[in-house]
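> I'd like to ask you about the structure that follows.
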Amino acid sequence: MRNDAQAGTSLTSVMWALLRHELLLAFRNRQSFLNPLIFFVIVTVLFPLGVSPDPDFLREAAPGVVWVAALLAMMLSLDRLFQSDYEDGTLEQIVRCAQPLYLLVLVKTVVHWMLSGLPLILLSPFIATMMNLAPEFIPVLVLSLLLGTPVISLIGGIGAALTVSLRSAGVLVSLLVLPLTIPILIFGTGTIQAGIDGLPVSGYLAIMGGMLALAVTLSPFATAAAIRLGVSN
Amino acid sequence: MVAPLLVAKDLACERDDRMLFSRLGFELDRGEILQLSGPNGAGKTSLLRILASLFTGYSGTIQWRGENLARCLTEFQQDSLYLGHKSGIKPTMTAIENLRFLCGLGQRVSEQALMGALQEVGLAGYEHSYCRNLSAGQQRRVALARLYLSTHSLWLLDEIFTAIDLAGVKQFEALLLEKSRQGVAIILTTHHKLDIADVKELHLQHYAGGHAHEE
């Protein structure tokens with residue numbers, strides 16, 4: 001019999017190893033995560049130039065513009081979420097690892113959010129100020145993004161996993177995922193709109209929190225199943 | 001009586017409406033080396049992927065230590081090592097970072113052991129080189145360094161000698177022999193003539209054809 005104490009690994013150590021690996025990889029390929037961020041800034045900066053610089057109009061449009069730009073920016077980096085691991089064989093090793101795939105894909109999805117969602121959230125107060133959103137609504141915007149962007153990563157992970165064995169899946173992932181993220185977009189912008197209209201926002205935020213809880217618990221099942229399918233191709 | 005390590009019975013696999021093999025079966029015990037042979041497209045890689053539980057499009061039964069594979073999948077994955085065509089080496093990571101991650105998925109390995117394994121495969125001095133700067137053979141050697149650290153009871157090796165030079169092949173053959181003497185069972189595909197005595201061979205072309213099951 002093997003010596004398990006020496007050979008075995010705990011689930012947490014594998015998850016840590018994967019997390020460190022993913023962050024290191026992302027650090028080495030900074031470009032792929034800077035692009036969405038730059039995209040986000042460019043879209044929101046060009047919008048007032050292209051449509052109208054009128055402050056009242058901008059205040060009206062701010063929630064929608066920030067949210068749509070954030071959604072599309074996150075889509076940009078989604079198709080590579082599992083693709084490069086699939087191409088070089090890492091995904092096979094991850095699937096064959098004796099730990100639950102559910103948690104390992106969750107780690108990868110969380111890293112995607114940390115690198116594409118979190119920077120957008122940190123930038124959003126500046127963008128919102130530029131869009132003439134009143135300062136008291138900026139916390140609401142940040143909170144709605146904080147609850148909403150992880151859901152985009154989680155749902156997007158399903159799409160990325162489903163298309164993992166396709167050579168050029170870029171547009172397909174967006175086509176699969178965007179309809180599923182529409183509720184998030186509606187409630188995300190709705191939260192801020194409600195705040196501007198003087199209505200309570202807690203209900204909206206609670207619904208978004210519910211969506212996040214649902215996505216965190218259920219989407220990794222679908223992602224893991226899709227990855228098994230993709231690898232077995 | 002102890003059940004053999006790995007038993008395959010009546011395996012059949014169909015891909016793209018073509019029967020790769022059918023009625024294929026074998027038994028593998030501790031310390032045995034099984035070489036899968038056959039022309040290109042005979043289904044060697046498919047068979048290895050089936051055995052590695054990566055590909056599920058097959059019929060038949062596989063038993064691991066006397067138990068159905070589906071019922072002891074976690075233990076099986078914990079105790080078997082699969083090295084495929086694609087080695088999982090990231091070009092933007094250094095040799096030791098790659099090895100640390102790939103090993104870390106299944107076992108706890110000390111830094112010293114990692115360095116030692118890289119030295120064994122002839123990459124001393126390259127530990128902190130980015131893999132994109134290494135040659136194809138050297139990248140393959142990074143992946144094969146896992147063999148030196150492995151504590152698994154079963155190795156599933158798919159064309160591991162690709163891009164490895166002759167001296168390297170000799171060295172890895174010696175490793176396979178040594179590990180099999182220690183009780184590791186090995187299944188491998190290679191077009192290379194193995195210089196190891198008593199290797200069992202499984203000729204896939206003997207199981208080729210057959211009729212596709214009516215679904």
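In the structure tokens, each chain is lettered A, B, ... as it comes, each chain's residues begin at 1, and ligands are numbered from 1 in order of appearance.
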Looking only at alpha helix (DSSP H) from DSSP on the backbone, list the matching residues of range 31-154 of chain A as a VMD selection string.
chain A and resid 31 to 50 55 to 76 83 to 88 90 to 96 101 to 112 118 to 130 138 to 154
> Please, which residues of chain A lie no more than 10 Å from chain B when the count uses only C-alpha atoms, and can they be set out as a PyMOL selection string?
chain A and resi 1-11+13-18+20-21+24-29+84-100+228-233
> Could you give me, as a tab-separated table, a per-residue list for range 1-54 of chain B showing, wherever an atom lies at most 6 Å from an atom of range 60-64 of chain B, the closest pair of atoms and their distance in Å to one decimal, using only C-alpha atoms and sorting by chain then residue number from low to high?

residue	atom	partner	partner_atom	distance
B:Leu5	CA	B:Trp64	CA	5.7
B:Leu6	CA	B:Trp64	CA	4.8
B:Val7	CA	B:Gln63	CA	5.0
B:Ala8	CA	B:Ile62	CA	4.5
B:Lys9	CA	B:Thr61	CA	5.3
B:Asp10	CA	B:Gly60	CA	5.0
B:Leu11	CA	B:Gly60	CA	4.4
> Could those residues be written to a file, using N, CA and C atoms, as a short mmCIF file (atom, residue, chain, number, x, y, z; two decimals), in the first residue's frame?

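Written file, again_33.cif:
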data_model
loop_
_atom_site.label_atom_id
_atom_site.label_comp_id
_atom_site.auth_asym_id
_atom_site.auth_seq_id
_atom_site.Cartn_x
_atom_site.Cartn_y
_atom_site.Cartn_z
N LEU B 5 -4.49 -5.48 -10.47
CA LEU B 5 -4.61 -4.02 -10.32
C LEU B 5 -5.66 -3.45 -11.27
N LEU B 6 -5.54 -3.83 -12.52
CA LEU B 6 -6.43 -3.25 -13.53
C LEU B 6 -6.90 -4.37 -14.45
N VAL B 7 -8.20 -4.47 -14.62
CA VAL B 7 -8.76 -5.47 -15.53
C VAL B 7 -9.68 -4.75 -16.50
N ALA B 8 -9.53 -5.04 -17.77
CA ALA B 8 -10.44 -4.50 -18.78
C ALA B 8 -11.11 -5.68 -19.46
N LYS B 9 -12.42 -5.59 -19.58
CA LYS B 9 -13.17 -6.69 -20.19
C LYS B 9 -14.05 -6.16 -21.30
N ASP B 10 -13.95 -6.80 -22.44
CA ASP B 10 -14.91 -6.57 -23.51
C ASP B 10 -15.05 -5.09 -23.87
N LEU B 11 -13.92 -4.39 -23.93
CA LEU B 11 -13.99 -2.97 -24.25
C LEU B 11 -14.25 -2.78 -25.75
#
> Would you mind listing what lies within 8 Å of Ala161 in chain A as a list in words, with only C-alpha atoms counted and same-chain residues fewer than 2 positions away left out?
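Once the adjacent positions are removed, what remains is Phe82, Gly157, Ile158, Gly159, Thr163, Val164, Thr223, Ala224, Ala226, Ile227 and Gly230 of chain A.
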> Residues near Ala208 in chain B, anyone? I mean within 6 Å using only C-alpha atoms, not counting same-chain ones fewer than 3 positions away, as a list in words.
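In the requested format, the answer is Leu20, Phe21 and Gln205 of chain B.
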> Could you give me, as JSON lines, every range 42-68 of chain A residue with an atom at most 12 Å from range 137-155 of chain A, plus its closest atom pair and distance in Å to one decimal, counting only C-alpha atoms, rows ordered by chain then number?

{"residue": "A:Arg59", "atom": "CA", "partner": "A:Phe137", "partner_atom": "CA", "distance": 10.7}
{"residue": "A:Ala62", "atom": "CA", "partner": "A:Leu141", "partner_atom": "CA", "distance": 9.8}
{"residue": "A:Pro63", "atom": "CA", "partner": "A:Leu141", "partner_atom": "CA", "distance": 7.4}
{"residue": "A:Gly64", "atom": "CA", "partner": "A:Leu141", "partner_atom": "CA", "distance": 10.6}
{"residue": "A:Val65", "atom": "CA", "partner": "A:Leu141", "partner_atom": "CA", "distance": 11.7}
{"residue": "A:Val66", "atom": "CA", "partner": "A:Leu141", "partner_atom": "CA", "distance": 9.0}
{"residue": "A:Trp67", "atom": "CA", "partner": "A:Leu145", "partner_atom": "CA", "distance": 7.8}
{"residue": "A:Val68", "atom": "CA", "partner": "A:Leu145", "partner_atom": "CA", "distance": 11.1}
> Give me, as a VMD selection string, all polymer residues having an atom no more than 10 Å from Val2 in chain B, counting only C-alpha atoms and skipping those fewer than 5 positions away in the same chain.
chain B and resid 29 65 to 66
> Can you tell me, as a PyMOL selection string, what residues are no more than 12 Å from Phe33 in chain A when counting only C-alpha atoms, ignoring any on the same chain fewer than 4 positions away?
chain A and resi 23+25-29+37-40+73-78+80-81+111-120
> Would you please work out which residue, of A:Ala222, A:Leu49, A:Ile184, A:Leu162, is nearest to Gly210 in chain A when using only C-alpha atoms?
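Going through A:Ala222, A:Leu49, A:Ile184, A:Leu162 one by one, the smallest distance to Gly210 in chain A is for A:Ile184.
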> Give me the residues within 12 Å of Gly198 in chain A as a VMD selection string, counting only C-alpha atoms and dropping any in the same chain fewer than 6 places off.
chain A and resid 136 to 137 191 to 192
> Counting only C-alpha atoms, which of B:Arg132, B:Arg30, B:Arg146, B:Arg23 gets nearest to Met115 in chain B?
B:Arg146
> Mind pulling up the distance from CA of Lys179 in chain B to CA of Asp165 in chain B?
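CA of Asp165 in chain B sits 20.9 Å away from CA of Lys179 in chain B.
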